[in-house]
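Reviewing the structure listed below.
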Amino acid sequence: MNEPIEPRNEISKLTALAKPAETFVPSSYYSYDPEGDGEKGGYSRLHDYLRSARKRIWLILGIVVVITTLAAFYMARQPDVYEAKANVQVDLEVSNPVLGSIKSNSFILNAPSQDPGYFNTQLQILSSANLLGRVVKTLDLANNRAFVNPQSVQDRSTWGSLKHMAGFGKKTTDEDKNRQVERLPLNDTLAPATARDDIVEINRLSPYVESLQRSLTVKQINDTRLIEIRFKHSDPQVASKVINGIADAFAYSNLERKTETSDKAGDFLQKRIIELQSEIRRGEETLINYAKNHQIISLDASQNTVVDRLSGLNKQLMEAENERKMAESAYRASQAPGAAEALAEESAKLAAEAETKLIELRQKRADLLVEYTEKVPDIKQIDEQIAELEKQAKESRRQAVTVLTTNLATRYRQAFAAEQSLRKSFNAQRGETLTQNEAAVNYRIIQQEIETNKGLLEGLLGRAKENDVVVAGTPNNIHVVDYATVPKSPVGPKRLEGIGLAFLLSFVVGIAFARYLEYLDDTIHSSDDVEKLLHLPALAVIPAIGNSARRRLLSTVTSLQMKNDFQSELLIDSDARSPLAEAYRHLRTSILLSSAGGAPQTLLVTSSQPAEGKTTTAVNTALILQQTGASVLLIDGDMRRPRLHSIFGMDNQTGLSTILASKMNDAEMLSLVERHKSTGVYVLTAGTIPPNPAELIGSETMQRLITTLKRKFTHIIIDSPPVASFTDSVLIASLVDGALLVVHGDHASRAIVRRSKQMLHDVGAKIFGVVLNNVSEVPNDYYYSTYYQKYYKGEDSIAS
């Protein structure tokens with residue numbers, strides 16, 4: 001192995017810029033605005049939208065072209081729209097002058113003309129379904145092909161409409177207009193209004209009415225009593241016919257509404273007059289026939305003697321009813337418990353005498369008991385007399401009650417029999433009276449009906465004459481001022497405006513969709529993403545090679561491969577003035593100033609996933625550090641898929657795996673390190689691929705190797721496998737001064753990169769920062785490339 005080259009003074013100058021107690025972080029790291037507020041936040045959001053638009057410019061252009069083209073064809077397929085206009089005047093309603101001469105009519109205080117909503121009501125009536133349905137029937141629009149299917153009579157095709165929009169179409173000639181007039185067989189007579197209960201007719205007219213309502217515009221002309229009616233249709237003749245039909249129907253329906261009550265009253269009066277005349281004729285015929293059939297000659301008062309007899313029987317019947325009610329009341333009262341005995345005692349004298357003797361005998365017995373006992377014969381005789389008298393008194397009371405009850409019952413039956421007899425006579429007399437007077441009564445009823453109908457007929461004839469006068473004098477306060485003429489030029493559709501609006505909307509939709517795809521994208525795009533998600537500084541942003549830079553690089557790399565057998569990983573040798581080379585110089589400065597107290601000596605270069613450019617970054621980092629004059633060693637720590645030997649064209653039979661798998665002294669270890677002649681970089685290849693790379697890296701031999709190499713080289717750069725796939729990088733990270741995490745822009749997943757960072761932190765590794773590799777768009781790239789091109793041109797001119 002050749003001896004290491006001592007570093008030049010540039011290294012000490014760069015490391016002297018770092019403060020002893022601080023770590024260098026790029027200025028862009030501190031410009032991060034996490035809240036997105038203020039001027040920076042707004043600029044960042046705008047920058048995000050612009051970046052999304054530039055990244056997916058072809059998607060946006062495709063959306064714009066497709067939507068705009070579809071809108072152009074859609075607008076071209078739309079038929080021309082013509083608008084006809086008519087004016088209708090709505091005056092204040094005035095009272096009928098005829099009504100003033102009719103005394104029976106009262107003055108209406110709250111007239112419709114005084115209602116502020118009257119005019120607005122007329123505006124609504126103009127677009128009502130009832131009025132428009134009448135117009136549909138009047139003009140027979142349901143069977144009019146020009147109205148139902150206007151596109152079938154259009155003369156211009158889609159291609160013709162497109163040419164017309166571009167200004168190459170031909171104008172409609174008078175012959176075409178005459179041909180349009182010939183295909184419009186429209187009626188001029190007003191059809192009657194549809195009945196409210198005719199549901200079938202209403203449903204049939206409903207689609208045509210809705211079509212009229214969609215194309216009809218009604219508005220008031222300011223500061224006037226004029227209403228402007230506009231109707232749009234693809235056929236100019238239909239438009240003018242419809243608008244004139246609506247105006248006429250509106251005026252005529254208003255007159256109908258004003259005379260509706262009088263017309264209905266007149267119809268009713270005429271109907272009733274005819275009915276009354278028929279009834280009078282039938283009544284007179286019936287009266288004559290009835291008098292003839294019942295032989296009625298005269299209706300004098302002498303024929304009412306039967307009625308007087310009926311009145312006398314009625315009086316006697318009422319007196320009999322009262323007598324029967326009094327007898328029935330007395331009899332019912334005697335049936336109550338104790339009532340008969342009480343009535344009987346008032347008229348029974350024998351019972352009173354027996355009661356007096358009983359009192360005397362009881363007093364005598366009491367006097368004897370004072371001196372004698374009850375066994376004395378005198379007392380016993382007195383007891384027998386008392387018992388006999390009590391028996392006689394009781395029998396006497398019973399007989400009195402029986403007699404009284406019998407008398408009351410007999411009286412009730414007599415009164416009831418008398419009442420029934422009188423009622424029978426009364427009913428017989430009443431039947432006779434009714435039979436005799438029925439003919440006279442019916443005759444008078446028929447006569448009275450005839451006279452009543454004659455009086456009604458006379459009154460109805462007078463009202464009918466008054467109603468005719470009122471209808472004839474009713475004024476119409478609505479009339480058509482200007483009828484519509486056939487429009488000459490279309491008013492729509494506004495095809496150019498529609499296409500322009502579609503263009504703007506499609507452009508906005510395209511940008512929004514691109515931004516949405518950007519939101520769904522889980523990859524890291526810029527240094528701002530690195531700083532926001534990982535909270536690590538972005539040490540460098542390596543741009544992707546494209547267009548002219550790619551062509552220049554390929555030619556340079558081809559020449560290098562022919563001379564030095566290099567691969568394309570040696571990018572900075574392609575063009576020292578390119579933004580790519582400047583990016584690696586910026587990475588060199590960031591590495592040298594990344595740790596306090598001096599530049600890091602051992603550096604791990606790794607990535608989260610394969611194919612992120614870690615090997616390319618490691619190689620070019622070694623080359624850019626070697627340009628400072630330092631001795632740089634590049635170790636291929638990826639013993640699973642080694643690449644450094646193929647890049648530098650070296651043998652890979654011995655290398656890192658050989659040192660770690662055997663017990664070598666320091667001299668033997670250093671003997672396996674080779675110096676590349678063209679670049680001056682020292683390289684330790686991976687060697688033969690071992691079956692257990694992780695165990696070899698985690699051995700003490702690996703620690704001893706790094707310690708030995710640190711005494712010989714200024715910088716040691718180790719290329720390792722991806723962190724997320726293998727543990728090799730995690731083991732190496734614990735042995736070096738720091739690590740660089742290479743992230744492929746627009747490719748690396750945020751979640752995987754975040755997990756890789758966490759794995760390195762878990763073992764206590766120090767991550768200097770992130771190298772954002774292969775970024776397609778780098779901010780200020782144009783500025784920096786232009787600046788450095790001018791700078792190098794200036795140096796060349798000075799040198800010349």
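Naming works like this for the structure tokens: A, B, ... for the chains as they're shown, residue 1 at the start of each chain, ligands 1 onward in shown order.
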Selection: 8 Å around Thr688 (chain A), only C-alpha atoms, excl. self and same-chain fewer than 4 positions, as a PDB file with N, CA, C and O atoms, in the first residue's frame:
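Writing the result to around-v9.pdb gives the following:
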```
ATOM      1  N   MET A 639     -21.053  -6.221   1.857  1.00  0.00           N
ATOM      2  CA  MET A 639     -20.546  -7.557   1.503  1.00  0.00           C
ATOM      3  C   MET A 639     -21.650  -8.471   0.984  1.00  0.00           C
ATOM      4  O   MET A 639     -21.433  -9.671   0.824  1.00  0.00           O
ATOM      5  N   ASN A 652     -11.494  -8.457  -6.649  1.00  0.00           N
ATOM      6  CA  ASN A 652     -12.292  -8.589  -5.429  1.00  0.00           C
ATOM      7  C   ASN A 652     -12.084  -9.945  -4.749  1.00  0.00           C
ATOM      8  O   ASN A 652     -12.921 -10.395  -3.978  1.00  0.00           O
ATOM      9  N   GLN A 653     -10.948 -10.575  -5.014  1.00  0.00           N
ATOM     10  CA  GLN A 653     -10.693 -11.858  -4.376  1.00  0.00           C
ATOM     11  C   GLN A 653     -10.403 -11.684  -2.893  1.00  0.00           C
ATOM     12  O   GLN A 653     -10.766 -12.517  -2.059  1.00  0.00           O
ATOM     13  N   THR A 654      -9.735 -10.612  -2.524  1.00  0.00           N
ATOM     14  CA  THR A 654      -9.448 -10.303  -1.122  1.00  0.00           C
ATOM     15  C   THR A 654      -9.998  -8.927  -0.822  1.00  0.00           C
ATOM     16  O   THR A 654     -10.129  -8.080  -1.707  1.00  0.00           O
ATOM     17  N   GLY A 655     -10.305  -8.692   0.447  1.00  0.00           N
ATOM     18  CA  GLY A 655     -10.844  -7.403   0.834  1.00  0.00           C
ATOM     19  C   GLY A 655     -11.310  -7.406   2.269  1.00  0.00           C
ATOM     20  O   GLY A 655     -10.691  -8.060   3.149  1.00  0.00           O
ATOM     21  N   SER A 657     -13.967  -8.740   3.758  1.00  0.00           N
ATOM     22  CA  SER A 657     -14.357 -10.034   4.311  1.00  0.00           C
ATOM     23  C   SER A 657     -13.137 -10.879   4.665  1.00  0.00           C
ATOM     24  O   SER A 657     -13.170 -11.664   5.629  1.00  0.00           O
ATOM     25  N   THR A 658     -12.042 -10.718   3.900  1.00  0.00           N
ATOM     26  CA  THR A 658     -10.809 -11.465   4.190  1.00  0.00           C
ATOM     27  C   THR A 658     -10.218 -11.026   5.525  1.00  0.00           C
ATOM     28  O   THR A 658      -9.780 -11.852   6.345  1.00  0.00           O
TER      29      THR A 658
END
```
Selection: 12 Å around Gln363 (chain A), only C-alpha atoms, excl. self and same-chain fewer than 6 positions, as a count of residues only: 8
Proximity to Gly133 (chain A) - best of A:Gly431, A:Pro207, A:Gly62, A:Pro610, only C-alpha atoms: A:Pro207
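Here CA of Asn453 (chain A) stands at a distance of 7.5 Å from CA of Glu279 (chain A).
Our summary of the geometry notes that CA of Ala333 (chain A) is positioned 26.0 Å from CA of Gln316 (chain A).
Distances here use only C-alpha atoms; by that measure, the residue among A:Gly473, A:Pro693, A:Gly498, A:Pro192 closest to Tyr74 (chain A) is A:Gly498.
Between Leu269 (chain A) and the candidates A:Asp198, A:Glu228, A:Asp468, A:Glu319, the tightest atom-to-atom separation, counting only C-alpha atoms, involves A:Asp468.
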Separation of CA of Gln213 (chain A) from CA of Ala76 (chain A), in Å and rounded to one decimal: 24.7 Å
Alpha helix (DSSP H) residues, from DSSP on the backbone, in region 612-754 of chain A, as a PyMOL selection string: chain A and resi 614-626+644-648+656-661+666-671+693-697+700-710+728-733+750-754
